[in-house]
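A.B. asks: First the structure, which I've put down as structure tokens, then a few questions once you've had a look.
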Amino acid sequence: MELFLFILLSILCIGAVLGMIIVNNQAYSALFLVLAFSCTAGLFALLDAPFIAVVQIIIYAGAILVLFIFVIMMVDIKEGLTPEKKKWTMALACILAVVLLIELLVALKSALSPMATSVSGQAGNASEIGHLLFTKYLYPFEITSVLIIAAMVGAIVLVKKKDSE
Amino acid sequence: MSDILILLIKIVAALVWFLVLTLYLTWLERKESAIMQDRIGANRADFFGIRVIGLFQPFADAIKMMFKEDFTPTFSRRFIHNLAPFVAFFFTAVTVQAIPFGDVLRVGGKEIKLQVLDIDVGILFILAMLSFTVYGVLLSGWASNSRWTLLGGLRGTAQLVSYEVALGLSLIGLVMVFPSLRFSSIVNYQGELLFGWLPQWGILLQPLGFIVFLFASLAESERVPFDLPEGESEIVGFFTEYSGLKWGLYMFTSFMKVLLIACLLTTLFFGGYHVPWLNPDGFHFPWGGEWLLPHGIVVLFQIIMFNVKVIFFCWLQILIRWTYPRFRYDQLMDFGWKFLVPLSVINIVATAIVMTLLK
Amino acid sequence: MIPPTYYLVVSIILFVLGIIGFFIKKDLITQFLSVEVMLNAANLAFITFAHSAGSLDGQIIVFFVITVAAAEAAIGLAIILLVYRKHKSIKTEDIHLMKG
């Protein structure tokens, strides 16, 4: 049952990312990515991380991509973009990416042989993560909140149109 | 094997309860608005000559919508135009699987929890599904490929995303008081007594949180007074290009959200399925009286009490809809960001102070 | 029990797909989306290791990565809007002069 869910979610995720690359329209790419992120959240839930799965859906699929789609709709692009003029750069990029893939898979095989099975520790529910966040990772937590405020203020200041007065 | 069967029965029962109650919510809205406006309302739909104060009206509406012409404008993007109502419907319907309907039912040596999905992060699951319903509004506004519906869709999305912040923040105070995110733990905690005689419902422990949650969830359901994106009478909304059954599905989703908000309000703030002073073996009144009851009757009382509370909150939301005029868009955004968010932060701080002083 | 190698293979494939997307596409928004795909692949690898080692530190790191990605998406999209206002296009080959 778990294997079936894993295969379904992985194939859907990889297919969605492939669709995002192939489609020419930006809005469809963003929608494919919503599907990919939801499948990733499902994979997180399979890996005993329910809190992170729900946080991924709320923040990534539910807020960041809505922001993307907002910007795509405000940037008034013509339907689709003209395809790339120099075709050989695309082919070279694909070949190099496949080389990188093979390298990473070989590195994975040699690095993971002692760790073939997984230890079933505790599931990552909210109270345990909260406990860790407020004791061991307190400094990153507080600094991240300052970072978010800086990003908010920065985004508003950047986009605000200066009235000529 | 029987576990899977029980699970399937629970899923189907929860869904059927949700959908049938939504259907009759349309009837309730028509009758209640009629009574408030001193008229009779819809009472002519009959079934072989039997008219029962218009109770067959929802079916008449559904049949009418099925037979209307269902056109997709030629300039729209077909696939997403067809997909958007289903996205909104699916993610609103799936939230009912996390709501507890009643206590544990002990039948034939087996303990059946009257809740389909009792996950550790119950409240966050509901928030996640609500953030997916934003896509229904956004996609429908964009897929119709006409500039006014696009603006309506963007307006609707901005409103929904803004009030999601206030919704989440108002729930933090609640999670501090009931130390869990799981719905069954929250409802069990509300079954205990405060000072020995008062059932500790959420509204007594978090009155400010209740007010913020009520306003934020009213705005999430996009009903008057927050329905400017829909704006039936004055401005082009995001579902102008929909007709027939797809438009019916949007209206149905809107009523489903009303029902979902009523369920959330009862579960989080009003004790869920708990009848005051009803323990699993019978009534134990604080003034000493007792009334022992068999287990099946207790569960029945709890399910009836849950339904009564949910219907009360639906009635309240319909009352609010037909009393107030709608907000202007800048007033709406100000209310969400400048009033509700600071109020919920004050709620969190005050709750923390009170909890530290009482420890 | 699914061995963690399977999840890591999925993570590597997603990462390489993100790289391909970044190099093939010539408009800023899809390139930005490919960067988000790469971040997601890294998140999956973190959670896999957290699961196989039995500790929760990997999940905390993913929590911070998601938060920082949200902040970065906001600023990145603001910059894309500014670039669009200036050059009236979002194709990277039209933005080839350093002077604004």
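Note on naming: chains are A, B, ... as they come in the structure tokens, residues start from 1 per chain, ligands start from 1 in the order shown.
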For chain A, which residues have at least one atom within 10 Å of chain B, if we go by only C-alpha atoms? Write them as a PyMOL selection string, please.
C.D. replies: chain A and resi 27-28+31+34+50-51+53-59+61-63+65-67+69-70+73-74+123-127
A.B. asks: Taking only C-alpha atoms into account, find every residue of chain C that has an atom no more than 6 Å from chain A, and write it out as a PyMOL selection string.
C.D. replies: chain C and resi 3+21+24+52-54+71+75+78
A.B. asks: Those same residues, written as an mmCIF file, in the first residue's frame with C-alpha atoms?
C.D. replies:
data_model
loop_
_atom_site.group_PDB
_atom_site.id
_atom_site.type_symbol
_atom_site.label_atom_id
_atom_site.label_comp_id
_atom_site.auth_asym_id
_atom_site.auth_seq_id
_atom_site.Cartn_x
_atom_site.Cartn_y
_atom_site.Cartn_z
ATOM 1 C CA PRO C 3 14.223 2.201 1.521
ATOM 2 C CA GLY C 21 14.164 23.933 -16.792
ATOM 3 C CA ILE C 24 16.032 25.730 -21.393
ATOM 4 C CA SER C 52 16.262 7.472 8.127
ATOM 5 C CA ALA C 53 18.301 8.895 10.994
ATOM 6 C CA GLY C 54 15.332 9.104 13.330
ATOM 7 C CA ALA C 71 10.596 35.605 1.544
ATOM 8 C CA ILE C 75 11.426 39.881 -3.345
ATOM 9 C CA ALA C 78 9.002 42.358 -6.987
#
A.B. asks: How far is it from CA of Leu174 in chain B to CA of Ala219 in chain B, in Å with one decimal?
C.D. replies: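 Between CA of Leu174 in chain B and CA of Ala219 in chain B the gap works out to 19.6 Å.
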A.B. asks: Residues near Trp315 in chain B, anyone? I mean within 9 Å using only C-alpha atoms, not counting same-chain ones fewer than 4 positions away, as a compact mmCIF listing (two decimals) with C-alpha atoms, in the first residue's frame.
C.D. replies:
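Generated output (out_28.txt):
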# COMPACT_ATOMS: atom_id res chain seq x y z
CA LEU B 25 -29.48 25.25 3.49
CA LEU B 28 -33.47 27.64 4.75
CA GLU B 29 -31.96 30.75 3.20
CA GLU B 32 -35.51 32.89 6.41
CA VAL B 310 -24.51 23.58 13.33
CA ILE B 311 -27.97 24.62 12.18
CA LEU B 319 -29.28 36.42 9.40
CA ILE B 320 -26.04 38.39 9.02
A.B. asks: Give me the residues near Val175 in chain B as a ChimeraX atom specification, where near means some atom within 12 Å (using only C-alpha atoms) and where sequence neighbours in that chain fewer than 2 positions away do not count.
C.D. replies: /A:126-127 /B:121-124,168-173,177-183,185-186,189,202,205-206,209,268-269,348,351-352
A.B. asks: Find the residue from B:Leu343, B:Tyr242, B:Val275, B:Thr267 that sits nearest to Asp70 in chain B; use only C-alpha atoms when measuring.
C.D. replies: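 The closest residue to Asp70 in chain B is B:Tyr242.
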A.B. asks: Report as a PyMOL selection string: the residues of range 42-159 of chain A with a DSSP assignment of helix (DSSP H, G or I), based on the backbone of this structure.
C.D. replies: chain A and resi 42-46+50-74+87-111+126-135+138-159
A.B. asks: In Å, rounded to a single decimal, give me how far CA of Lys86 in chain C is from CA of Thr67 in chain C.
C.D. replies: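 CA of Thr67 in chain C sits 29.4 Å away from CA of Lys86 in chain C.
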A.B. asks: Within 10 Å of Gly248 in chain B, counting only C-alpha atoms, which residues show up once you throw out same-chain ones fewer than 5 positions away? Write them as a list in words, please.
C.D. replies: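 Final neighbour list, sorted by chain and number: Asp61, Ala62, Lys64, Met65, Met66, Pro85, Tyr242, Ser243, Thr253 and Ser254 of chain B.
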A.B. asks: For the selection you just gave me, I'd like the residues written to a file as a PDB file, in the first residue's frame, keeping N, CA and C atoms.
C.D. replies:
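Output file out.pdb follows:
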ATOM      1  N   ASP B  61     -34.617  23.528  -8.225  1.00  0.00           N
ATOM      2  CA  ASP B  61     -33.483  24.338  -8.663  1.00  0.00           C
ATOM      3  C   ASP B  61     -32.443  23.502  -9.369  1.00  0.00           C
ATOM      4  N   ALA B  62     -32.161  22.332  -8.804  1.00  0.00           N
ATOM      5  CA  ALA B  62     -31.118  21.483  -9.392  1.00  0.00           C
ATOM      6  C   ALA B  62     -31.529  21.018 -10.786  1.00  0.00           C
ATOM      7  N   LYS B  64     -33.617  22.490 -12.809  1.00  0.00           N
ATOM      8  CA  LYS B  64     -33.550  23.619 -13.734  1.00  0.00           C
ATOM      9  C   LYS B  64     -32.129  23.846 -14.211  1.00  0.00           C
ATOM     10  N   MET B  65     -31.175  23.793 -13.283  1.00  0.00           N
ATOM     11  CA  MET B  65     -29.803  24.080 -13.689  1.00  0.00           C
ATOM     12  C   MET B  65     -29.234  23.007 -14.584  1.00  0.00           C
ATOM     13  N   MET B  66     -29.697  21.760 -14.404  1.00  0.00           N
ATOM     14  CA  MET B  66     -29.172  20.701 -15.261  1.00  0.00           C
ATOM     15  C   MET B  66     -29.625  20.878 -16.680  1.00  0.00           C
ATOM     16  N   PRO B  85     -14.580  25.053 -11.242  1.00  0.00           N
ATOM     17  CA  PRO B  85     -15.613  24.783 -10.234  1.00  0.00           C
ATOM     18  C   PRO B  85     -15.366  23.485  -9.479  1.00  0.00           C
ATOM     19  N   TYR B 242     -19.982  31.810 -16.445  1.00  0.00           N
ATOM     20  CA  TYR B 242     -20.414  30.451 -16.165  1.00  0.00           C
ATOM     21  C   TYR B 242     -21.909  30.378 -16.224  1.00  0.00           C
ATOM     22  N   SER B 243     -22.431  29.241 -16.678  1.00  0.00           N
ATOM     23  CA  SER B 243     -23.875  29.097 -16.746  1.00  0.00           C
ATOM     24  C   SER B 243     -24.222  27.662 -16.456  1.00  0.00           C
ATOM     25  N   THR B 253     -20.977  25.347  -3.745  1.00  0.00           N
ATOM     26  CA  THR B 253     -19.740  25.450  -2.967  1.00  0.00           C
ATOM     27  C   THR B 253     -19.823  26.584  -1.964  1.00  0.00           C
ATOM     28  N   SER B 254     -20.481  27.677  -2.354  1.00  0.00           N
ATOM     29  CA  SER B 254     -20.625  28.792  -1.432  1.00  0.00           C
ATOM     30  C   SER B 254     -21.430  28.384  -0.211  1.00  0.00           C
TER      31      SER B 254
END
A.B. asks: As an NGL selection string, please: the residues near range 222-225 of chain B (cut-off 12 Å, only C-alpha atoms, same-chain neighbours under 3 positions excluded).
C.D. replies: :B and (133-134 or 137 or 155-161 or 163 or 215-219 or 228-233 or 237 or 250-251 or 253-258 or 261 or 317-329 or 331-332 or 335)
A.B. asks: Save the residues we just selected, C-alpha atoms, as a PDB file, in the first residue's frame?
C.D. replies:
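So the final result, stored in again_36.pdb, reads:
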ATOM      1  CA  THR B 133     -10.040  26.751  -2.617  1.00  0.00           C
ATOM      2  CA  VAL B 134      -8.434  30.096  -3.483  1.00  0.00           C
ATOM      3  CA  VAL B 137     -11.642  31.750  -7.620  1.00  0.00           C
ATOM      4  CA  ARG B 155      -9.978  40.975  -6.142  1.00  0.00           C
ATOM      5  CA  GLY B 156     -11.514  37.807  -4.755  1.00  0.00           C
ATOM      6  CA  THR B 157      -8.135  36.143  -4.353  1.00  0.00           C
ATOM      7  CA  ALA B 158      -6.667  39.169  -2.571  1.00  0.00           C
ATOM      8  CA  GLN B 159      -9.579  39.154  -0.131  1.00  0.00           C
ATOM      9  CA  LEU B 160      -9.314  35.423   0.545  1.00  0.00           C
ATOM     10  CA  VAL B 161      -5.563  35.479   1.070  1.00  0.00           C
ATOM     11  CA  TYR B 163      -8.373  36.949   5.648  1.00  0.00           C
ATOM     12  CA  PHE B 215     -15.315  37.648  11.052  1.00  0.00           C
ATOM     13  CA  ALA B 216     -12.395  36.045   9.266  1.00  0.00           C
ATOM     14  CA  SER B 217     -14.408  32.966   8.339  1.00  0.00           C
ATOM     15  CA  LEU B 218     -17.351  35.069   7.152  1.00  0.00           C
ATOM     16  CA  ALA B 219     -14.928  36.819   4.823  1.00  0.00           C
ATOM     17  CA  LEU B 228     -17.628  42.322  -3.263  1.00  0.00           C
ATOM     18  CA  PRO B 229     -15.810  39.882  -5.562  1.00  0.00           C
ATOM     19  CA  GLU B 230     -19.133  38.239  -6.226  1.00  0.00           C
ATOM     20  CA  GLY B 231     -20.982  41.517  -6.133  1.00  0.00           C
ATOM     21  CA  GLU B 232     -24.198  40.269  -7.630  1.00  0.00           C
ATOM     22  CA  SER B 233     -25.910  43.537  -8.083  1.00  0.00           C
ATOM     23  CA  GLY B 237     -17.718  39.095 -10.578  1.00  0.00           C
ATOM     24  CA  TYR B 250     -20.190  27.483  -7.523  1.00  0.00           C
ATOM     25  CA  MET B 251     -23.333  28.433  -5.630  1.00  0.00           C
ATOM     26  CA  THR B 253     -19.740  25.450  -2.967  1.00  0.00           C
ATOM     27  CA  SER B 254     -20.625  28.792  -1.432  1.00  0.00           C
ATOM     28  CA  PHE B 255     -23.269  27.158   0.738  1.00  0.00           C
ATOM     29  CA  MET B 256     -20.912  24.328   1.580  1.00  0.00           C
ATOM     30  CA  LYS B 257     -18.494  26.877   2.944  1.00  0.00           C
ATOM     31  CA  VAL B 258     -21.268  28.311   5.146  1.00  0.00           C
ATOM     32  CA  ILE B 261     -17.790  27.444   8.948  1.00  0.00           C
ATOM     33  CA  GLN B 317     -24.886  33.489   9.065  1.00  0.00           C
ATOM     34  CA  ILE B 318     -28.019  33.803   6.947  1.00  0.00           C
ATOM     35  CA  LEU B 319     -29.285  36.424   9.398  1.00  0.00           C
ATOM     36  CA  ILE B 320     -26.040  38.390   9.022  1.00  0.00           C
ATOM     37  CA  ARG B 321     -26.263  38.133   5.252  1.00  0.00           C
ATOM     38  CA  TRP B 322     -29.722  39.628   5.002  1.00  0.00           C
ATOM     39  CA  THR B 323     -29.155  42.414   7.520  1.00  0.00           C
ATOM     40  CA  TYR B 324     -25.994  44.226   6.476  1.00  0.00           C
ATOM     41  CA  PRO B 325     -24.991  46.063   3.297  1.00  0.00           C
ATOM     42  CA  ARG B 326     -21.732  45.103   1.704  1.00  0.00           C
ATOM     43  CA  PHE B 327     -18.303  46.574   2.319  1.00  0.00           C
ATOM     44  CA  ARG B 328     -16.458  48.641  -0.217  1.00  0.00           C
ATOM     45  CA  TYR B 329     -13.196  47.089  -1.308  1.00  0.00           C
ATOM     46  CA  GLN B 331     -12.985  49.123   3.723  1.00  0.00           C
ATOM     47  CA  LEU B 332     -12.796  45.360   3.380  1.00  0.00           C
ATOM     48  CA  PHE B 335     -10.896  45.647   8.166  1.00  0.00           C
TER      49      PHE B 335
END
A.B. asks: Quick one: pull the distance between CA of Phe18 in chain B and CA of Phe252 in chain B, Å, one decimal.
C.D. replies: 11.3 Å
